[in-house]
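The data block below is my_file.cif; it holds mmCIF, N, CA and C atoms.
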```cif
data_input
#
loop_
_atom_site.label_atom_id
_atom_site.label_comp_id
_atom_site.auth_asym_id
_atom_site.auth_seq_id
_atom_site.Cartn_x
_atom_site.Cartn_y
_atom_site.Cartn_z
N MET J 1230 8.55 43.65 56.90
CA MET J 1230 9.20 43.31 55.65
C MET J 1230 10.71 43.51 55.83
N LYS J 1231 11.46 42.53 55.42
CA LYS J 1231 12.91 42.57 55.56
C LYS J 1231 13.52 43.55 54.55
N CYS J 1232 14.41 44.40 55.04
CA CYS J 1232 15.08 45.38 54.18
C CYS J 1232 16.08 44.67 53.26
N PRO J 1233 16.00 44.93 51.94
CA PRO J 1233 16.94 44.28 51.01
C PRO J 1233 18.37 44.85 51.10
N PHE J 1234 18.53 45.99 51.77
CA PHE J 1234 19.84 46.63 51.85
C PHE J 1234 20.62 46.21 53.10
N CYS J 1235 19.96 46.30 54.27
CA CYS J 1235 20.67 46.01 55.53
C CYS J 1235 20.17 44.75 56.22
N GLY J 1236 19.04 44.21 55.78
CA GLY J 1236 18.51 42.98 56.36
C GLY J 1236 17.68 43.19 57.61
N ALA J 1237 17.47 44.43 58.01
CA ALA J 1237 16.66 44.71 59.20
C ALA J 1237 15.23 44.25 58.95
N MET J 1238 14.57 43.79 60.01
CA MET J 1238 13.22 43.23 59.87
C MET J 1238 12.11 44.27 60.00
N ASP J 1239 12.44 45.51 60.28
CA ASP J 1239 11.42 46.53 60.50
C ASP J 1239 11.45 47.57 59.39
N SER J 1240 10.29 47.79 58.78
CA SER J 1240 10.18 48.84 57.76
C SER J 1240 8.84 49.53 57.93
N GLN J 1241 8.76 50.72 57.38
CA GLN J 1241 7.55 51.52 57.49
C GLN J 1241 6.98 51.75 56.09
N VAL J 1242 5.65 51.61 55.95
CA VAL J 1242 5.00 51.86 54.67
C VAL J 1242 4.85 53.37 54.51
N VAL J 1243 5.44 53.91 53.43
CA VAL J 1243 5.40 55.34 53.15
C VAL J 1243 4.23 55.67 52.23
N ASP J 1244 3.96 54.78 51.24
CA ASP J 1244 2.91 55.04 50.26
C ASP J 1244 2.35 53.71 49.76
N SER J 1245 1.03 53.64 49.58
CA SER J 1245 0.39 52.46 49.01
C SER J 1245 -0.53 52.90 47.88
N ARG J 1246 -0.47 52.17 46.78
CA ARG J 1246 -1.39 52.44 45.68
C ARG J 1246 -1.55 51.19 44.83
N MET J 1247 -2.63 51.16 44.08
CA MET J 1247 -2.87 50.02 43.21
C MET J 1247 -1.88 50.05 42.05
N ALA J 1248 -1.34 48.90 41.71
CA ALA J 1248 -0.40 48.81 40.58
C ALA J 1248 -1.14 49.09 39.28
N GLU J 1249 -0.41 49.38 38.23
CA GLU J 1249 -1.00 49.72 36.93
C GLU J 1249 -1.94 48.64 36.41
N THR J 1250 -1.58 47.38 36.64
CA THR J 1250 -2.40 46.29 36.14
C THR J 1250 -3.68 46.11 36.93
N GLY J 1251 -3.73 46.64 38.16
CA GLY J 1251 -4.94 46.55 38.97
C GLY J 1251 -5.08 45.27 39.75
N ASP J 1252 -4.12 44.36 39.63
CA ASP J 1252 -4.23 43.09 40.33
C ASP J 1252 -3.25 42.95 41.49
N SER J 1253 -2.60 44.07 41.86
CA SER J 1253 -1.70 44.04 43.00
C SER J 1253 -1.62 45.44 43.62
N ILE J 1254 -1.06 45.49 44.81
CA ILE J 1254 -0.87 46.76 45.49
C ILE J 1254 0.62 47.03 45.58
N ARG J 1255 1.01 48.22 45.18
CA ARG J 1255 2.41 48.63 45.20
C ARG J 1255 2.62 49.42 46.49
N ARG J 1256 3.63 49.04 47.26
CA ARG J 1256 3.92 49.74 48.51
C ARG J 1256 5.36 50.25 48.51
N ARG J 1257 5.51 51.54 48.80
CA ARG J 1257 6.84 52.12 49.00
C ARG J 1257 7.13 52.01 50.49
N ARG J 1258 8.28 51.46 50.82
CA ARG J 1258 8.65 51.26 52.22
C ARG J 1258 9.97 51.96 52.53
N ARG J 1259 10.13 52.29 53.81
CA ARG J 1259 11.37 52.90 54.29
C ARG J 1259 11.87 52.05 55.45
N CYS J 1260 13.12 51.66 55.35
CA CYS J 1260 13.74 50.87 56.41
C CYS J 1260 13.97 51.78 57.61
N THR J 1261 13.55 51.34 58.80
CA THR J 1261 13.74 52.16 60.00
C THR J 1261 15.19 52.12 60.50
N ALA J 1262 15.98 51.16 60.04
CA ALA J 1262 17.37 51.04 60.48
C ALA J 1262 18.33 51.85 59.60
N CYS J 1263 18.25 51.65 58.28
CA CYS J 1263 19.21 52.32 57.38
C CYS J 1263 18.60 53.49 56.61
N ASP J 1264 17.29 53.68 56.72
CA ASP J 1264 16.55 54.80 56.12
C ASP J 1264 16.47 54.74 54.58
N LYS J 1265 16.83 53.60 53.97
CA LYS J 1265 16.71 53.47 52.52
C LYS J 1265 15.29 53.06 52.17
N ARG J 1266 14.89 53.37 50.93
CA ARG J 1266 13.53 53.06 50.47
C ARG J 1266 13.55 51.92 49.45
N PHE J 1267 12.46 51.15 49.45
CA PHE J 1267 12.31 50.06 48.48
C PHE J 1267 10.84 49.84 48.23
N THR J 1268 10.54 49.12 47.15
CA THR J 1268 9.15 48.88 46.73
C THR J 1268 8.81 47.41 46.88
N THR J 1269 7.61 47.14 47.36
CA THR J 1269 7.11 45.76 47.42
C THR J 1269 5.76 45.73 46.71
N TYR J 1270 5.37 44.53 46.27
CA TYR J 1270 4.07 44.33 45.63
C TYR J 1270 3.32 43.24 46.39
N GLU J 1271 2.05 43.51 46.65
CA GLU J 1271 1.20 42.55 47.34
C GLU J 1271 0.18 42.03 46.33
N THR J 1272 0.12 40.70 46.17
CA THR J 1272 -0.82 40.10 45.22
C THR J 1272 -1.62 39.00 45.92
N ILE J 1273 -2.73 38.66 45.33
CA ILE J 1273 -3.57 37.59 45.84
C ILE J 1273 -2.96 36.25 45.42
N GLU J 1274 -2.93 35.32 46.34
CA GLU J 1274 -2.45 33.99 46.02
C GLU J 1274 -3.64 33.04 46.08
N LEU J 1275 -4.06 32.57 44.91
CA LEU J 1275 -5.18 31.66 44.83
C LEU J 1275 -4.66 30.23 44.76
N ARG J 1276 -5.24 29.39 45.55
CA ARG J 1276 -4.81 27.99 45.58
C ARG J 1276 -5.83 27.16 44.80
N LEU J 1277 -5.41 26.68 43.65
CA LEU J 1277 -6.27 25.82 42.84
C LEU J 1277 -6.26 24.41 43.44
N PRO J 1278 -7.36 23.68 43.29
CA PRO J 1278 -7.44 22.35 43.89
C PRO J 1278 -6.53 21.34 43.19
N GLN J 1279 -6.30 20.23 43.87
CA GLN J 1279 -5.57 19.12 43.27
C GLN J 1279 -6.55 18.36 42.38
N VAL J 1280 -6.04 17.82 41.30
CA VAL J 1280 -6.85 17.04 40.37
C VAL J 1280 -6.65 15.56 40.69
N VAL J 1281 -7.77 14.87 40.90
CA VAL J 1281 -7.73 13.45 41.20
C VAL J 1281 -8.00 12.69 39.91
N LYS J 1282 -6.98 11.99 39.42
CA LYS J 1282 -7.09 11.23 38.18
C LYS J 1282 -7.95 9.98 38.41
N THR J 1283 -8.36 9.34 37.33
CA THR J 1283 -9.21 8.15 37.45
C THR J 1283 -8.50 6.99 38.15
N ASN J 1284 -7.17 6.96 38.08
CA ASN J 1284 -6.42 5.90 38.76
C ASN J 1284 -6.13 6.23 40.23
N GLY J 1285 -6.62 7.39 40.69
CA GLY J 1285 -6.43 7.78 42.09
C GLY J 1285 -5.25 8.69 42.35
N ASN J 1286 -4.36 8.84 41.37
CA ASN J 1286 -3.22 9.74 41.53
C ASN J 1286 -3.71 11.19 41.61
N ARG J 1287 -2.95 12.00 42.31
CA ARG J 1287 -3.27 13.41 42.44
C ARG J 1287 -2.16 14.25 41.84
N GLN J 1288 -2.55 15.34 41.22
CA GLN J 1288 -1.56 16.26 40.68
C GLN J 1288 -2.11 17.67 40.76
N GLU J 1289 -1.21 18.65 40.66
CA GLU J 1289 -1.61 20.05 40.73
C GLU J 1289 -2.43 20.42 39.49
N PHE J 1290 -3.40 21.30 39.67
CA PHE J 1290 -4.17 21.83 38.55
C PHE J 1290 -3.19 22.58 37.65
N ASP J 1291 -3.26 22.33 36.35
CA ASP J 1291 -2.29 22.90 35.42
C ASP J 1291 -3.00 23.58 34.26
N ARG J 1292 -2.92 24.90 34.24
CA ARG J 1292 -3.53 25.69 33.16
C ARG J 1292 -2.97 25.30 31.79
N GLU J 1293 -1.67 25.00 31.76
CA GLU J 1293 -1.03 24.67 30.49
C GLU J 1293 -1.54 23.33 29.95
N LYS J 1294 -1.89 22.43 30.83
CA LYS J 1294 -2.47 21.16 30.38
C LYS J 1294 -3.85 21.41 29.75
N LEU J 1295 -4.60 22.32 30.34
CA LEU J 1295 -5.89 22.72 29.74
C LEU J 1295 -5.66 23.30 28.35
N ARG J 1296 -4.70 24.22 28.28
CA ARG J 1296 -4.40 24.88 27.00
C ARG J 1296 -4.01 23.86 25.93
N GLU J 1297 -3.23 22.86 26.33
CA GLU J 1297 -2.81 21.81 25.38
C GLU J 1297 -4.01 21.01 24.88
N GLY J 1298 -4.95 20.71 25.77
CA GLY J 1298 -6.16 20.00 25.37
C GLY J 1298 -6.97 20.81 24.36
N PHE J 1299 -7.10 22.10 24.62
CA PHE J 1299 -7.81 22.97 23.68
C PHE J 1299 -7.06 23.03 22.36
N ARG J 1300 -5.72 23.16 22.44
CA ARG J 1300 -4.92 23.27 21.21
C ARG J 1300 -5.08 22.04 20.33
N ARG J 1301 -5.06 20.87 20.93
CA ARG J 1301 -5.21 19.64 20.15
C ARG J 1301 -6.61 19.54 19.53
N ALA J 1302 -7.62 19.85 20.31
CA ALA J 1302 -8.99 19.75 19.79
C ALA J 1302 -9.26 20.79 18.70
N LEU J 1303 -8.65 21.96 18.84
CA LEU J 1303 -8.91 23.06 17.89
C LEU J 1303 -7.89 23.13 16.76
N HIS J 1304 -7.04 22.11 16.63
CA HIS J 1304 -6.01 22.11 15.59
C HIS J 1304 -6.64 22.37 14.22
N LYS J 1305 -6.13 23.41 13.54
CA LYS J 1305 -6.59 23.83 12.21
C LYS J 1305 -8.06 24.23 12.18
N ARG J 1306 -8.58 24.70 13.30
CA ARG J 1306 -9.95 25.20 13.35
C ARG J 1306 -9.89 26.73 13.48
N PRO J 1307 -10.86 27.44 12.90
CA PRO J 1307 -10.82 28.90 12.90
C PRO J 1307 -11.34 29.53 14.20
N VAL J 1308 -10.66 29.27 15.29
CA VAL J 1308 -11.07 29.84 16.58
C VAL J 1308 -9.93 30.73 17.09
N PRO J 1309 -10.21 32.02 17.32
CA PRO J 1309 -9.17 32.94 17.79
C PRO J 1309 -8.62 32.56 19.17
N THR J 1310 -7.36 32.84 19.38
CA THR J 1310 -6.69 32.54 20.64
C THR J 1310 -7.38 33.23 21.82
N GLU J 1311 -7.93 34.42 21.58
CA GLU J 1311 -8.61 35.16 22.66
C GLU J 1311 -9.79 34.36 23.19
N TYR J 1312 -10.49 33.67 22.31
CA TYR J 1312 -11.64 32.86 22.74
C TYR J 1312 -11.18 31.67 23.58
N VAL J 1313 -10.07 31.09 23.18
CA VAL J 1313 -9.52 29.96 23.94
C VAL J 1313 -9.09 30.45 25.32
N ASP J 1314 -8.40 31.58 25.38
CA ASP J 1314 -7.97 32.14 26.66
C ASP J 1314 -9.18 32.43 27.56
N ALA J 1315 -10.24 32.99 26.97
CA ALA J 1315 -11.45 33.28 27.73
C ALA J 1315 -12.09 32.00 28.26
N SER J 1316 -12.08 30.94 27.46
CA SER J 1316 -12.63 29.66 27.90
C SER J 1316 -11.82 29.07 29.04
N ILE J 1317 -10.50 29.16 28.94
CA ILE J 1317 -9.64 28.65 30.01
C ILE J 1317 -9.88 29.46 31.29
N ASP J 1318 -9.97 30.77 31.16
CA ASP J 1318 -10.26 31.62 32.32
C ASP J 1318 -11.60 31.25 32.95
N SER J 1319 -12.58 30.96 32.11
CA SER J 1319 -13.90 30.57 32.60
C SER J 1319 -13.83 29.27 33.40
N ILE J 1320 -13.08 28.31 32.88
CA ILE J 1320 -12.93 27.02 33.59
C ILE J 1320 -12.23 27.23 34.93
N VAL J 1321 -11.17 28.04 34.94
CA VAL J 1321 -10.44 28.30 36.18
C VAL J 1321 -11.36 28.97 37.20
N LYS J 1322 -12.18 29.91 36.74
CA LYS J 1322 -13.14 30.58 37.65
C LYS J 1322 -14.15 29.58 38.20
N GLN J 1323 -14.63 28.68 37.35
CA GLN J 1323 -15.57 27.65 37.80
C GLN J 1323 -14.92 26.77 38.86
N VAL J 1324 -13.69 26.36 38.61
CA VAL J 1324 -12.96 25.50 39.54
C VAL J 1324 -12.76 26.22 40.88
N LEU J 1325 -12.37 27.48 40.82
CA LEU J 1325 -12.17 28.26 42.05
C LEU J 1325 -13.48 28.45 42.80
N SER J 1326 -14.56 28.69 42.07
CA SER J 1326 -15.85 28.94 42.72
C SER J 1326 -16.40 27.70 43.43
N LEU J 1327 -15.95 26.52 43.02
CA LEU J 1327 -16.38 25.31 43.70
C LEU J 1327 -15.83 25.24 45.13
N GLY J 1328 -14.68 25.85 45.35
CA GLY J 1328 -14.09 25.91 46.68
C GLY J 1328 -13.61 24.57 47.22
N GLU J 1329 -13.38 23.62 46.35
CA GLU J 1329 -12.94 22.27 46.76
C GLU J 1329 -11.42 22.20 46.81
N ARG J 1330 -10.92 21.33 47.68
CA ARG J 1330 -9.47 21.10 47.74
C ARG J 1330 -9.01 20.08 46.71
N GLU J 1331 -9.94 19.20 46.32
CA GLU J 1331 -9.66 18.19 45.30
C GLU J 1331 -10.83 18.16 44.33
N LEU J 1332 -10.52 17.86 43.08
CA LEU J 1332 -11.53 17.84 42.04
C LEU J 1332 -11.25 16.67 41.10
N PRO J 1333 -12.27 15.86 40.78
CA PRO J 1333 -12.04 14.75 39.85
C PRO J 1333 -11.68 15.27 38.45
N ALA J 1334 -10.74 14.62 37.81
CA ALA J 1334 -10.33 15.00 36.46
C ALA J 1334 -11.52 14.94 35.51
N ARG J 1335 -12.42 14.02 35.75
CA ARG J 1335 -13.61 13.84 34.91
C ARG J 1335 -14.45 15.13 34.89
N GLN J 1336 -14.56 15.80 36.03
CA GLN J 1336 -15.35 17.03 36.13
C GLN J 1336 -14.70 18.16 35.31
N ILE J 1337 -13.39 18.24 35.34
CA ILE J 1337 -12.69 19.25 34.54
C ILE J 1337 -12.85 18.94 33.06
N GLY J 1338 -12.77 17.67 32.70
CA GLY J 1338 -12.97 17.28 31.30
C GLY J 1338 -14.35 17.67 30.80
N GLU J 1339 -15.36 17.52 31.64
CA GLU J 1339 -16.72 17.92 31.25
C GLU J 1339 -16.81 19.43 31.04
N MET J 1340 -16.10 20.19 31.87
CA MET J 1340 -16.07 21.65 31.70
C MET J 1340 -15.43 22.02 30.37
N VAL J 1341 -14.36 21.33 30.03
CA VAL J 1341 -13.67 21.58 28.76
C VAL J 1341 -14.62 21.26 27.60
N MET J 1342 -15.34 20.15 27.70
CA MET J 1342 -16.26 19.78 26.62
C MET J 1342 -17.37 20.83 26.45
N GLN J 1343 -17.87 21.38 27.55
CA GLN J 1343 -18.91 22.42 27.45
C GLN J 1343 -18.37 23.67 26.75
N GLU J 1344 -17.14 24.04 27.08
CA GLU J 1344 -16.54 25.21 26.42
C GLU J 1344 -16.29 24.94 24.94
N LEU J 1345 -15.80 23.74 24.61
CA LEU J 1345 -15.56 23.41 23.20
C LEU J 1345 -16.87 23.34 22.42
N LYS J 1346 -17.91 22.86 23.06
CA LYS J 1346 -19.23 22.79 22.41
C LYS J 1346 -19.69 24.20 22.01
N ARG J 1347 -19.39 25.16 22.87
CA ARG J 1347 -19.75 26.55 22.61
C ARG J 1347 -18.86 27.18 21.54
N LEU J 1348 -17.56 26.82 21.54
CA LEU J 1348 -16.60 27.43 20.62
C LEU J 1348 -16.66 26.85 19.21
N ASP J 1349 -16.64 25.52 19.12
CA ASP J 1349 -16.50 24.88 17.81
C ASP J 1349 -16.99 23.44 17.91
N LYS J 1350 -18.01 23.11 17.13
CA LYS J 1350 -18.63 21.78 17.21
C LYS J 1350 -17.68 20.66 16.78
N VAL J 1351 -16.86 20.93 15.77
CA VAL J 1351 -15.92 19.90 15.30
C VAL J 1351 -14.88 19.61 16.38
N ALA J 1352 -14.37 20.65 17.01
CA ALA J 1352 -13.40 20.47 18.09
C ALA J 1352 -14.04 19.72 19.26
N TYR J 1353 -15.30 20.01 19.52
CA TYR J 1353 -16.03 19.32 20.59
C TYR J 1353 -16.08 17.82 20.30
N ILE J 1354 -16.41 17.45 19.06
CA ILE J 1354 -16.49 16.04 18.69
C ILE J 1354 -15.11 15.38 18.78
N ARG J 1355 -14.07 16.07 18.32
CA ARG J 1355 -12.70 15.54 18.43
C ARG J 1355 -12.36 15.22 19.89
N PHE J 1356 -12.59 16.22 20.75
CA PHE J 1356 -12.25 16.04 22.16
C PHE J 1356 -13.07 14.94 22.79
N ALA J 1357 -14.37 14.93 22.50
CA ALA J 1357 -15.27 13.93 23.08
C ALA J 1357 -14.89 12.52 22.64
N SER J 1358 -14.46 12.38 21.38
CA SER J 1358 -14.12 11.05 20.89
C SER J 1358 -12.93 10.46 21.63
N VAL J 1359 -11.98 11.29 21.98
CA VAL J 1359 -10.82 10.81 22.73
C VAL J 1359 -11.16 10.71 24.22
N TYR J 1360 -11.81 11.74 24.74
CA TYR J 1360 -12.10 11.80 26.17
C TYR J 1360 -13.03 10.69 26.62
N ARG J 1361 -14.03 10.40 25.79
CA ARG J 1361 -15.00 9.36 26.15
C ARG J 1361 -14.67 8.01 25.51
N SER J 1362 -13.52 7.93 24.88
CA SER J 1362 -13.03 6.68 24.28
C SER J 1362 -14.05 6.03 23.36
N PHE J 1363 -14.46 6.76 22.32
CA PHE J 1363 -15.41 6.21 21.36
C PHE J 1363 -14.82 4.94 20.74
N GLN J 1364 -15.64 3.91 20.66
CA GLN J 1364 -15.19 2.63 20.12
C GLN J 1364 -15.85 2.30 18.78
N VAL J 1365 -17.08 2.75 18.60
CA VAL J 1365 -17.82 2.44 17.38
C VAL J 1365 -18.43 3.72 16.81
N VAL J 1366 -18.87 3.64 15.56
CA VAL J 1366 -19.44 4.78 14.87
C VAL J 1366 -20.71 5.29 15.57
N ASP J 1367 -21.43 4.38 16.21
CA ASP J 1367 -22.65 4.79 16.91
C ASP J 1367 -22.36 5.82 18.01
N ASP J 1368 -21.19 5.76 18.60
CA ASP J 1368 -20.82 6.75 19.62
C ASP J 1368 -20.78 8.15 19.01
N PHE J 1369 -20.25 8.24 17.79
CA PHE J 1369 -20.21 9.53 17.09
C PHE J 1369 -21.63 10.00 16.76
N ARG J 1370 -22.48 9.07 16.30
CA ARG J 1370 -23.86 9.41 15.97
C ARG J 1370 -24.60 9.98 17.18
N ASP J 1371 -24.37 9.37 18.33
CA ASP J 1371 -25.04 9.84 19.55
C ASP J 1371 -24.64 11.28 19.87
N VAL J 1372 -23.36 11.60 19.73
CA VAL J 1372 -22.90 12.96 20.00
C VAL J 1372 -23.46 13.92 18.96
N LEU J 1373 -23.49 13.50 17.70
CA LEU J 1373 -24.05 14.36 16.64
C LEU J 1373 -25.53 14.63 16.88
N LYS J 1374 -26.27 13.61 17.29
CA LYS J 1374 -27.70 13.80 17.61
C LYS J 1374 -27.86 14.79 18.76
N ASP J 1375 -26.99 14.67 19.73
CA ASP J 1375 -27.03 15.59 20.88
C ASP J 1375 -26.77 17.03 20.43
N LEU J 1376 -25.85 17.20 19.48
CA LEU J 1376 -25.55 18.54 18.98
C LEU J 1376 -26.70 19.12 18.16
N ASP J 1377 -27.44 18.27 17.47
CA ASP J 1377 -28.57 18.74 16.66
C ASP J 1377 -29.71 19.27 17.51
N LYS J 1378 -29.79 18.82 18.76
CA LYS J 1378 -30.90 19.24 19.62
C LYS J 1378 -30.81 20.68 20.00
#
```

Just give me the structure of the file as structure tokens.
Amino acid sequence: MKCPFCGAMDSQVVDSRMAETGDSIRRRRRCTACDKRFTTYETIELRLPQVVKTNGNRQEFDREKLREGFRRALHKRPVPTEYVDASIDSIVKQVLSLGERELPARQIGEMVMQELKRLDKVAYIRFASVYRSFQVVDDFRDVLKDLDK
């Protein structure tokens, strides 16, 4: 690890412990050249897959885009933010567990619909109507019948 004081490339780890949040390791280091101490944090870097859109374009997986989809579907619905955050975390875990480098956008949309179905039926219908491009009233009836089952 490069020393922030003198720029030397050699340092010694004096102490290691888990950070307060539990998701990183805090290391106290001592520069072998100038003898000054500094702290570094080691965290896990998870690489989310690229999303392949229906037109073939690829883009980075974006948590905020998921959040926006939930926000629009749940507009003026009585669903606590904590539940939305938990649903987004669940989707991210599902995506990571697949271990794929690329994932079709359609598959992520289906995951969102499953979470919305669990959270709020009205929001589920809102999202499904846009996501599946409902054209006629029968499309809504089919989804309502599916929810009744």

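For the set J:Met1247, J:Lys1231, J:Lys1294, J:Phe1299, the residue with the smallest atom-to-atom gap to Ala1352 of chain J is J:Phe1299, counting only C-alpha atoms.
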
Strand (DSSP E or B) per DSSP on the backbone: members of chain J, as a PyMOL selection string: chain J and resi 1240-1247+1253-1260+1266-1272+1279-1281+1287-1289+1331-1333

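Nearest to Ala1334 of chain J of all the residues J:Ser1253, J:Ser1316, J:Thr1283, J:Thr1310 is J:Thr1283, counting all atoms listed in the file.
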
Atomic separation - atom CA of Glu1274 of chain J relative to atom C of Cys1260 of chain J, Å: 26.8 Å

Resolved residues for the PyMOL selection byres ((chain J and resi 1239) around 6.5) as a list in words: Met1230, Lys1231, Cys1232, Gly1236, Ala1237, Met1238, Ser1240, Gln1241, Arg1259, Cys1260, Thr1261 and Ala1262 of chain J

Since we have the selection now, will you write its residues out, keeping N, CA and C atoms, as a CSV table (one decimal), keeping the file's coordinate frame?
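Writing the result to out-v5.csv gives the following:
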```csv
chain,number,residue,atom,x,y,z
J,1230,MET,N,8.6,43.6,56.9
J,1230,MET,CA,9.2,43.3,55.6
J,1230,MET,C,10.7,43.5,55.8
J,1231,LYS,N,11.5,42.5,55.4
J,1231,LYS,CA,12.9,42.6,55.6
J,1231,LYS,C,13.5,43.6,54.6
J,1232,CYS,N,14.4,44.4,55.0
J,1232,CYS,CA,15.1,45.4,54.2
J,1232,CYS,C,16.1,44.7,53.3
J,1236,GLY,N,19.0,44.2,55.8
J,1236,GLY,CA,18.5,43.0,56.4
J,1236,GLY,C,17.7,43.2,57.6
J,1237,ALA,N,17.5,44.4,58.0
J,1237,ALA,CA,16.7,44.7,59.2
J,1237,ALA,C,15.2,44.2,59.0
J,1238,MET,N,14.6,43.8,60.0
J,1238,MET,CA,13.2,43.2,59.9
J,1238,MET,C,12.1,44.3,60.0
J,1240,SER,N,10.3,47.8,58.8
J,1240,SER,CA,10.2,48.8,57.8
J,1240,SER,C,8.8,49.5,57.9
J,1241,GLN,N,8.8,50.7,57.4
J,1241,GLN,CA,7.6,51.5,57.5
J,1241,GLN,C,7.0,51.8,56.1
J,1259,ARG,N,10.1,52.3,53.8
J,1259,ARG,CA,11.4,52.9,54.3
J,1259,ARG,C,11.9,52.0,55.4
J,1260,CYS,N,13.1,51.7,55.4
J,1260,CYS,CA,13.7,50.9,56.4
J,1260,CYS,C,14.0,51.8,57.6
J,1261,THR,N,13.6,51.3,58.8
J,1261,THR,CA,13.7,52.2,60.0
J,1261,THR,C,15.2,52.1,60.5
J,1262,ALA,N,16.0,51.2,60.0
J,1262,ALA,CA,17.4,51.0,60.5
J,1262,ALA,C,18.3,51.8,59.6
```

Selection dump of the PyMOL selection byres ((chain J and resi 1272) around 7), as a PyMOL selection string: chain J and resi 1252-1254+1270-1271+1273-1275

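Between atom CA of Lys1265 of chain J and atom CA of Pro1233 of chain J there is a distance of 9.3 Å.
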
Per-residue DSSP, chain J, filtered to helix (DSSP H, G or I), as a PyMOL selection string: chain J and resi 1292-1302+1310-1327+1334-1348+1350-1360+1366-1377

Counting only N, CA and C atoms, the residue of J:Leu1332, J:Ile1337, J:Leu1345, J:Leu1373 that sits nearest Val1280 of chain J: J:Leu1332
